[in-house]
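See structure below.
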Amino acid sequence: MTGLHWGILATGGIAHAFTSDLRTAGLDVTAVGSRRIDSARAFAEQYGIAHAHGSYEELVADPDVDIVYIATPHPGHIDNALLALEHGKHVLVEKPFTLNAAEAAAIRDKAAEKGLLAMEAMWTRYLPHMVRIREILAAGTLGEIRVVSADHTQKISTDPAHRLNDLELGGGALLDLGIYPISFAIDVLGLPERITALARLSDAGSDAEVATAFVHAGGAVSTTVSSSRGAGMNVAQIVGTEARIEIDRVWYTPTSFRVVSPGGEVIEEFTTEVEGRGMQFQAQAAERFVAAGAASNDILSIDETVAIMGVLDEVRRQIGVVYPGER
């Protein structure tokens, strides 16, 4: 570990989950910043954080902070990340990385200019079961991969003012939920060569359900479904010519999986026990990447993050969703 000093930018629910896991893993959380000093102080007291700041500007200017975790709503990511990078801080930006590919590219370019790490907090990729799955794929155990499928379906409030339904906040199932299975499919099969998307929009104009069908290199296909209106199984599978991987629910959190032959024989069964939610693994990875050189992320490179945002842009184009004030 590099012993990086973490700063937490914003104090909402995801910031609590992340900081709790950092504490579980024994990582150094040095400072927190909020637009309200009382919120920052309460957060700092809860997690034993030394410095509480009443603005994001104060947080990124804190000389004791090395890396900033950005936990604001989606539209704030671009400005918050650029602010931190301008002050010489590495950034771990909560997914979705930005609203669109243009914003993601702006962060990538600024990080390259400053020689800093800019990393998407797609925490699923760093979980133990996903690490093992990539090893199995690299070994060729599944043969030629033909199909990947995954869903992310939850029952969330239908209140138009809820963050997930508010277009002003980048609301909709795609950026909050659909990004998980889409990123998973791209992790396994690479970027799609053809994209097809369908959706049902809410009365507020945000996407309540989204289905995608991608064709990848060599003709392999992937399908994903995301919904904020109903809770489904939330499982995933990778189907190859020689075997398949069945990932149990909830597939994008610490869970188990099986490698199964075409005849139904279980070749390998993987189980895991993780303390906390499992968000500490991405933080530990970020510390390793900084130690090895700021742009050295080989699990989810910043270029891949920008490309994934481009895929989401095309999905939104096809389903007719535009966020107000997009750059």
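Chain labels A, B, ... are given in the sequence in which chains occur in the structure tokens; within each chain residues are numbered consecutively from 1, and ligands are likewise numbered from 1 in the order shown.
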- Task: Just the residues within 10 Å of A:Val311, please, counting only C-alpha atoms, with nothing from its chain fewer than 6 positions along; format it as a PyMOL selection string.
- Result: chain A and resi 100-101+179+182-183+186+191-192+194-195+305+317
Output N, CA and C atoms for every residue in that selection, as a PDB file, in the first residue's frame.
```pdb
ATOM      1  N   ASN A 100     -21.649  11.929 -19.678  1.00  0.00           N
ATOM      2  CA  ASN A 100     -21.444  11.528 -21.068  1.00  0.00           C
ATOM      3  C   ASN A 100     -19.955  11.384 -21.351  1.00  0.00           C
ATOM      4  N   ALA A 101     -19.653  10.928 -22.575  1.00  0.00           N
ATOM      5  CA  ALA A 101     -18.267  10.648 -22.942  1.00  0.00           C
ATOM      6  C   ALA A 101     -17.429  11.916 -23.036  1.00  0.00           C
ATOM      7  N   ILE A 179     -25.491   0.632 -15.972  1.00  0.00           N
ATOM      8  CA  ILE A 179     -24.042   0.706 -16.173  1.00  0.00           C
ATOM      9  C   ILE A 179     -23.331  -0.529 -15.620  1.00  0.00           C
ATOM     10  N   ILE A 182     -23.773  -3.429 -18.279  1.00  0.00           N
ATOM     11  CA  ILE A 182     -23.118  -3.020 -19.522  1.00  0.00           C
ATOM     12  C   ILE A 182     -21.607  -3.047 -19.355  1.00  0.00           C
ATOM     13  N   SER A 183     -21.098  -2.514 -18.248  1.00  0.00           N
ATOM     14  CA  SER A 183     -19.660  -2.561 -17.986  1.00  0.00           C
ATOM     15  C   SER A 183     -19.179  -4.007 -17.861  1.00  0.00           C
ATOM     16  N   ILE A 186     -18.837  -5.557 -21.317  1.00  0.00           N
ATOM     17  CA  ILE A 186     -17.663  -5.017 -21.999  1.00  0.00           C
ATOM     18  C   ILE A 186     -16.383  -5.564 -21.375  1.00  0.00           C
ATOM     19  N   LEU A 191     -15.578  -3.858 -26.221  1.00  0.00           N
ATOM     20  CA  LEU A 191     -16.579  -2.884 -26.648  1.00  0.00           C
ATOM     21  C   LEU A 191     -17.459  -3.459 -27.758  1.00  0.00           C
ATOM     22  N   PRO A 192     -18.729  -3.094 -27.775  1.00  0.00           N
ATOM     23  CA  PRO A 192     -19.630  -3.628 -28.803  1.00  0.00           C
ATOM     24  C   PRO A 192     -19.373  -3.008 -30.172  1.00  0.00           C
ATOM     25  N   ARG A 194     -21.922  -3.424 -32.509  1.00  0.00           N
ATOM     26  CA  ARG A 194     -23.287  -2.992 -32.826  1.00  0.00           C
ATOM     27  C   ARG A 194     -24.073  -2.847 -31.533  1.00  0.00           C
ATOM     28  N   ILE A 195     -24.891  -1.810 -31.462  1.00  0.00           N
ATOM     29  CA  ILE A 195     -25.651  -1.492 -30.254  1.00  0.00           C
ATOM     30  C   ILE A 195     -27.120  -1.345 -30.607  1.00  0.00           C
ATOM     31  N   THR A 305     -13.145   3.593 -19.602  1.00  0.00           N
ATOM     32  CA  THR A 305     -14.240   4.330 -18.968  1.00  0.00           C
ATOM     33  C   THR A 305     -14.853   5.333 -19.940  1.00  0.00           C
ATOM     34  N   ARG A 317     -29.161   7.901 -26.976  1.00  0.00           N
ATOM     35  CA  ARG A 317     -29.614   8.442 -28.263  1.00  0.00           C
ATOM     36  C   ARG A 317     -30.749   7.601 -28.833  1.00  0.00           C
TER      37      ARG A 317
END
```
Q. Could you pull out the strand (DSSP E or B) residues of stretch 182-230 of chain A from DSSP and send them as a ChimeraX atom specification?
A. /A:194-201,207-215,221-227,229
So that I have them on file, write out the residues from the current selection with N, CA and C atoms, as a compact mmCIF listing (two decimals), in the first residue's frame.
```txt
# COMPACT_ATOMS: atom_id res chain seq x y z
N ARG A 194 -21.92 -3.42 -32.51
CA ARG A 194 -23.29 -2.99 -32.83
C ARG A 194 -24.07 -2.85 -31.53
N ILE A 195 -24.89 -1.81 -31.46
CA ILE A 195 -25.65 -1.49 -30.25
C ILE A 195 -27.12 -1.35 -30.61
N THR A 196 -27.97 -2.05 -29.88
CA THR A 196 -29.41 -1.89 -30.00
C THR A 196 -29.99 -1.71 -28.61
N ALA A 197 -30.86 -0.73 -28.46
CA ALA A 197 -31.43 -0.44 -27.14
C ALA A 197 -32.90 -0.10 -27.25
N LEU A 198 -33.64 -0.53 -26.25
CA LEU A 198 -35.06 -0.22 -26.12
C LEU A 198 -35.32 0.22 -24.69
N ALA A 199 -36.35 1.03 -24.49
CA ALA A 199 -36.63 1.51 -23.13
C ALA A 199 -38.09 1.88 -22.98
N ARG A 200 -38.51 1.92 -21.72
CA ARG A 200 -39.78 2.53 -21.35
C ARG A 200 -39.45 3.72 -20.47
N LEU A 201 -39.95 4.89 -20.84
CA LEU A 201 -39.66 6.11 -20.12
C LEU A 201 -40.74 6.39 -19.08
N ASP A 207 -35.53 7.15 -18.02
CA ASP A 207 -35.69 5.75 -18.41
C ASP A 207 -35.97 4.89 -17.19
N ALA A 208 -37.14 4.26 -17.17
CA ALA A 208 -37.51 3.38 -16.07
C ALA A 208 -37.04 1.96 -16.31
N GLU A 209 -37.07 1.53 -17.56
CA GLU A 209 -36.54 0.23 -17.97
C GLU A 209 -35.72 0.41 -19.24
N VAL A 210 -34.60 -0.30 -19.30
CA VAL A 210 -33.75 -0.27 -20.48
C VAL A 210 -33.27 -1.69 -20.78
N ALA A 211 -33.37 -2.09 -22.04
CA ALA A 211 -32.82 -3.37 -22.48
C ALA A 211 -31.82 -3.10 -23.59
N THR A 212 -30.68 -3.78 -23.55
CA THR A 212 -29.68 -3.63 -24.59
C THR A 212 -29.31 -4.97 -25.18
N ALA A 213 -28.99 -4.96 -26.46
CA ALA A 213 -28.43 -6.12 -27.15
C ALA A 213 -27.22 -5.64 -27.94
N PHE A 214 -26.06 -6.19 -27.62
CA PHE A 214 -24.81 -5.79 -28.27
C PHE A 214 -24.25 -6.97 -29.05
N VAL A 215 -23.59 -6.67 -30.16
CA VAL A 215 -22.77 -7.64 -30.88
C VAL A 215 -21.32 -7.20 -30.73
N VAL A 221 -22.53 -12.16 -28.47
CA VAL A 221 -23.62 -11.24 -28.13
C VAL A 221 -23.74 -11.09 -26.62
N SER A 222 -24.23 -9.91 -26.22
CA SER A 222 -24.54 -9.69 -24.81
C SER A 222 -25.90 -9.03 -24.70
N THR A 223 -26.61 -9.34 -23.64
CA THR A 223 -27.89 -8.71 -23.36
C THR A 223 -27.90 -8.22 -21.92
N THR A 224 -28.51 -7.05 -21.71
CA THR A 224 -28.66 -6.53 -20.36
C THR A 224 -30.05 -5.96 -20.20
N VAL A 225 -30.54 -6.00 -18.98
CA VAL A 225 -31.82 -5.38 -18.63
C VAL A 225 -31.62 -4.62 -17.33
N SER A 226 -32.10 -3.39 -17.28
CA SER A 226 -32.10 -2.63 -16.03
C SER A 226 -33.47 -2.02 -15.82
N SER A 227 -33.87 -1.93 -14.56
CA SER A 227 -35.18 -1.38 -14.23
C SER A 227 -35.14 -0.78 -12.84
N ARG A 229 -38.18 -0.07 -11.49
CA ARG A 229 -39.59 -0.24 -11.12
C ARG A 229 -39.92 -1.60 -10.55
```
Students should find that atom CA of A:Ala118 and atom CA of A:Leu92 are spaced 6.1 Å
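Atom CA of A:Ala231 sits 8.7 Å away from atom CA of A:Ile156.
Across A:Ala81, A:Ala283, A:Ile245, A:Ala50, the tightest approach to A:Gly26 is made by A:Ala283 when counting only C-alpha atoms.
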With only C-alpha atoms as the counted atoms, please give the residues lying no more than 12 Å from A:Pro63, apart from itself and same-chain residues fewer than 2 positions off, as a list in words. His5, Trp6, Gly7, Thr30, Ala31, His51, Glu58, Leu59, Val60, Ala61, Val65, Asp66, Ile67, Val68, Ala84, His87, Gly88 and Lys89 of chain A
Out of stretch 83-257 of chain A, which residues get alpha helix (DSSP H) from DSSP, as a PDB file with N, CA and C atoms, in the first residue's frame?
```pdb
ATOM      1  N   LEU A  83     -11.782  20.036 -10.417  1.00  0.00           N
ATOM      2  CA  LEU A  83     -11.327  20.842  -9.282  1.00  0.00           C
ATOM      3  C   LEU A  83     -10.239  20.116  -8.498  1.00  0.00           C
ATOM      4  N   ALA A  84     -10.475  18.852  -8.208  1.00  0.00           N
ATOM      5  CA  ALA A  84      -9.498  18.074  -7.443  1.00  0.00           C
ATOM      6  C   ALA A  84      -8.206  17.886  -8.230  1.00  0.00           C
ATOM      7  N   LEU A  85      -8.321  17.582  -9.511  1.00  0.00           N
ATOM      8  CA  LEU A  85      -7.129  17.387 -10.330  1.00  0.00           C
ATOM      9  C   LEU A  85      -6.309  18.671 -10.426  1.00  0.00           C
ATOM     10  N   GLU A  86      -6.988  19.796 -10.555  1.00  0.00           N
ATOM     11  CA  GLU A  86      -6.276  21.084 -10.620  1.00  0.00           C
ATOM     12  C   GLU A  86      -5.475  21.340  -9.345  1.00  0.00           C
ATOM     13  N   ALA A 101     -19.653  10.928 -22.575  1.00  0.00           N
ATOM     14  CA  ALA A 101     -18.267  10.648 -22.942  1.00  0.00           C
ATOM     15  C   ALA A 101     -17.429  11.916 -23.036  1.00  0.00           C
ATOM     16  N   ALA A 102     -18.016  13.018 -23.474  1.00  0.00           N
ATOM     17  CA  ALA A 102     -17.249  14.258 -23.591  1.00  0.00           C
ATOM     18  C   ALA A 102     -16.741  14.708 -22.233  1.00  0.00           C
ATOM     19  N   GLU A 103     -17.581  14.626 -21.207  1.00  0.00           N
ATOM     20  CA  GLU A 103     -17.146  14.989 -19.864  1.00  0.00           C
ATOM     21  C   GLU A 103     -16.076  14.031 -19.358  1.00  0.00           C
ATOM     22  N   ALA A 104     -16.257  12.737 -19.635  1.00  0.00           N
ATOM     23  CA  ALA A 104     -15.270  11.750 -19.202  1.00  0.00           C
ATOM     24  C   ALA A 104     -13.917  12.013 -19.851  1.00  0.00           C
ATOM     25  N   ALA A 105     -13.919  12.374 -21.130  1.00  0.00           N
ATOM     26  CA  ALA A 105     -12.678  12.659 -21.838  1.00  0.00           C
ATOM     27  C   ALA A 105     -11.981  13.887 -21.249  1.00  0.00           C
ATOM     28  N   ALA A 106     -12.770  14.871 -20.812  1.00  0.00           N
ATOM     29  CA  ALA A 106     -12.181  16.070 -20.209  1.00  0.00           C
ATOM     30  C   ALA A 106     -11.441  15.729 -18.923  1.00  0.00           C
ATOM     31  N   ILE A 107     -12.008  14.832 -18.116  1.00  0.00           N
ATOM     32  CA  ILE A 107     -11.324  14.405 -16.887  1.00  0.00           C
ATOM     33  C   ILE A 107     -10.079  13.603 -17.230  1.00  0.00           C
ATOM     34  N   ARG A 108     -10.215  12.684 -18.186  1.00  0.00           N
ATOM     35  CA  ARG A 108      -9.042  11.889 -18.616  1.00  0.00           C
ATOM     36  C   ARG A 108      -7.894  12.796 -19.059  1.00  0.00           C
ATOM     37  N   ASP A 109      -8.212  13.782 -19.873  1.00  0.00           N
ATOM     38  CA  ASP A 109      -7.170  14.646 -20.416  1.00  0.00           C
ATOM     39  C   ASP A 109      -6.523  15.508 -19.323  1.00  0.00           C
ATOM     40  N   LYS A 110      -7.322  15.987 -18.395  1.00  0.00           N
ATOM     41  CA  LYS A 110      -6.762  16.780 -17.292  1.00  0.00           C
ATOM     42  C   LYS A 110      -5.863  15.915 -16.400  1.00  0.00           C
ATOM     43  N   ALA A 111      -6.296  14.685 -16.133  1.00  0.00           N
ATOM     44  CA  ALA A 111      -5.472  13.791 -15.315  1.00  0.00           C
ATOM     45  C   ALA A 111      -4.147  13.494 -16.005  1.00  0.00           C
ATOM     46  N   ALA A 112      -4.184  13.283 -17.321  1.00  0.00           N
ATOM     47  CA  ALA A 112      -2.952  13.033 -18.065  1.00  0.00           C
ATOM     48  C   ALA A 112      -2.035  14.249 -18.020  1.00  0.00           C
ATOM     49  N   GLU A 113      -2.627  15.432 -18.162  1.00  0.00           N
ATOM     50  CA  GLU A 113      -1.845  16.669 -18.101  1.00  0.00           C
ATOM     51  C   GLU A 113      -1.147  16.821 -16.751  1.00  0.00           C
ATOM     52  N   LYS A 114      -1.848  16.438 -15.691  1.00  0.00           N
ATOM     53  CA  LYS A 114      -1.309  16.609 -14.342  1.00  0.00           C
ATOM     54  C   LYS A 114      -0.496  15.407 -13.861  1.00  0.00           C
ATOM     55  N   PRO A 128     -13.501 -10.025  -5.285  1.00  0.00           N
ATOM     56  CA  PRO A 128     -12.772 -11.294  -5.427  1.00  0.00           C
ATOM     57  C   PRO A 128     -13.364 -12.235  -6.470  1.00  0.00           C
ATOM     58  N   HIS A 129     -14.697 -12.326  -6.554  1.00  0.00           N
ATOM     59  CA  HIS A 129     -15.253 -13.272  -7.526  1.00  0.00           C
ATOM     60  C   HIS A 129     -15.018 -12.801  -8.955  1.00  0.00           C
ATOM     61  N   MET A 130     -14.989 -11.486  -9.180  1.00  0.00           N
ATOM     62  CA  MET A 130     -14.715 -10.987 -10.522  1.00  0.00           C
ATOM     63  C   MET A 130     -13.247 -11.190 -10.897  1.00  0.00           C
ATOM     64  N   VAL A 131     -12.358 -11.052  -9.919  1.00  0.00           N
ATOM     65  CA  VAL A 131     -10.938 -11.318 -10.165  1.00  0.00           C
ATOM     66  C   VAL A 131     -10.744 -12.763 -10.602  1.00  0.00           C
ATOM     67  N   ARG A 132     -11.406 -13.686  -9.899  1.00  0.00           N
ATOM     68  CA  ARG A 132     -11.278 -15.105 -10.245  1.00  0.00           C
ATOM     69  C   ARG A 132     -11.908 -15.396 -11.610  1.00  0.00           C
ATOM     70  N   ILE A 133     -13.031 -14.767 -11.915  1.00  0.00           N
ATOM     71  CA  ILE A 133     -13.680 -14.988 -13.212  1.00  0.00           C
ATOM     72  C   ILE A 133     -12.757 -14.573 -14.352  1.00  0.00           C
ATOM     73  N   ARG A 134     -12.066 -13.442 -14.217  1.00  0.00           N
ATOM     74  CA  ARG A 134     -11.152 -13.028 -15.277  1.00  0.00           C
ATOM     75  C   ARG A 134     -10.000 -14.018 -15.429  1.00  0.00           C
ATOM     76  N   GLU A 135      -9.559 -14.625 -14.328  1.00  0.00           N
ATOM     77  CA  GLU A 135      -8.513 -15.651 -14.414  1.00  0.00           C
ATOM     78  C   GLU A 135      -9.017 -16.863 -15.199  1.00  0.00           C
ATOM     79  N   ILE A 136     -10.248 -17.270 -14.932  1.00  0.00           N
ATOM     80  CA  ILE A 136     -10.838 -18.422 -15.633  1.00  0.00           C
ATOM     81  C   ILE A 136     -10.971 -18.124 -17.117  1.00  0.00           C
ATOM     82  N   LEU A 137     -11.414 -16.926 -17.450  1.00  0.00           N
ATOM     83  CA  LEU A 137     -11.555 -16.558 -18.854  1.00  0.00           C
ATOM     84  C   LEU A 137     -10.200 -16.549 -19.552  1.00  0.00           C
ATOM     85  N   ALA A 138      -9.185 -16.001 -18.866  1.00  0.00           N
ATOM     86  CA  ALA A 138      -7.848 -15.934 -19.460  1.00  0.00           C
ATOM     87  C   ALA A 138      -7.266 -17.325 -19.692  1.00  0.00           C
ATOM     88  N   ALA A 139      -7.636 -18.290 -18.845  1.00  0.00           N
ATOM     89  CA  ALA A 139      -7.140 -19.662 -18.981  1.00  0.00           C
ATOM     90  C   ALA A 139      -7.822 -20.411 -20.117  1.00  0.00           C
ATOM     91  N   ALA A 173     -32.736   4.620 -15.050  1.00  0.00           N
ATOM     92  CA  ALA A 173     -32.166   3.320 -14.714  1.00  0.00           C
ATOM     93  C   ALA A 173     -30.804   3.103 -15.359  1.00  0.00           C
ATOM     94  N   ILE A 179     -25.491   0.632 -15.972  1.00  0.00           N
ATOM     95  CA  ILE A 179     -24.042   0.706 -16.173  1.00  0.00           C
ATOM     96  C   ILE A 179     -23.331  -0.529 -15.620  1.00  0.00           C
ATOM     97  N   TYR A 180     -23.882  -1.165 -14.602  1.00  0.00           N
ATOM     98  CA  TYR A 180     -23.257  -2.367 -14.046  1.00  0.00           C
ATOM     99  C   TYR A 180     -23.221  -3.513 -15.069  1.00  0.00           C
ATOM    100  N   PRO A 181     -24.366  -3.969 -15.573  1.00  0.00           N
ATOM    101  CA  PRO A 181     -24.302  -5.072 -16.534  1.00  0.00           C
ATOM    102  C   PRO A 181     -23.634  -4.691 -17.854  1.00  0.00           C
ATOM    103  N   ILE A 182     -23.773  -3.429 -18.279  1.00  0.00           N
ATOM    104  CA  ILE A 182     -23.118  -3.020 -19.522  1.00  0.00           C
ATOM    105  C   ILE A 182     -21.607  -3.047 -19.355  1.00  0.00           C
ATOM    106  N   SER A 183     -21.098  -2.514 -18.248  1.00  0.00           N
ATOM    107  CA  SER A 183     -19.660  -2.561 -17.986  1.00  0.00           C
ATOM    108  C   SER A 183     -19.179  -4.007 -17.861  1.00  0.00           C
ATOM    109  N   PHE A 184     -19.985  -4.855 -17.262  1.00  0.00           N
ATOM    110  CA  PHE A 184     -19.646  -6.271 -17.128  1.00  0.00           C
ATOM    111  C   PHE A 184     -19.509  -6.931 -18.495  1.00  0.00           C
ATOM    112  N   ALA A 185     -20.474  -6.700 -19.375  1.00  0.00           N
ATOM    113  CA  ALA A 185     -20.425  -7.293 -20.707  1.00  0.00           C
ATOM    114  C   ALA A 185     -19.183  -6.831 -21.463  1.00  0.00           C
ATOM    115  N   ILE A 186     -18.837  -5.557 -21.317  1.00  0.00           N
ATOM    116  CA  ILE A 186     -17.663  -5.017 -21.999  1.00  0.00           C
ATOM    117  C   ILE A 186     -16.383  -5.564 -21.375  1.00  0.00           C
ATOM    118  N   ASP A 187     -16.378  -5.783 -20.081  1.00  0.00           N
ATOM    119  CA  ASP A 187     -15.229  -6.392 -19.407  1.00  0.00           C
ATOM    120  C   ASP A 187     -14.943  -7.766 -19.998  1.00  0.00           C
ATOM    121  N   VAL A 188     -15.988  -8.535 -20.270  1.00  0.00           N
ATOM    122  CA  VAL A 188     -15.823  -9.901 -20.760  1.00  0.00           C
ATOM    123  C   VAL A 188     -15.559  -9.950 -22.266  1.00  0.00           C
ATOM    124  N   LEU A 189     -16.298  -9.146 -23.023  1.00  0.00           N
ATOM    125  CA  LEU A 189     -16.297  -9.281 -24.483  1.00  0.00           C
ATOM    126  C   LEU A 189     -15.664  -8.118 -25.230  1.00  0.00           C
TER     127      LEU A 189
END
```
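Proximity of A:Leu169, A:Gly48, A:Tyr126, A:Ala17 to A:His77, computed with only C-alpha atoms, is greatest for A:Leu169.
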What separates atom CA of A:Gly278 and atom CA of A:Leu82 is a distance of 26.8 Å
ask   = Near A:Glu269, within 9 Å and counting only C-alpha atoms, which residues show up once chain neighbours fewer than 3 positions away are dropped, as a PyMOL selection string?
value = chain A and resi 256-260+266
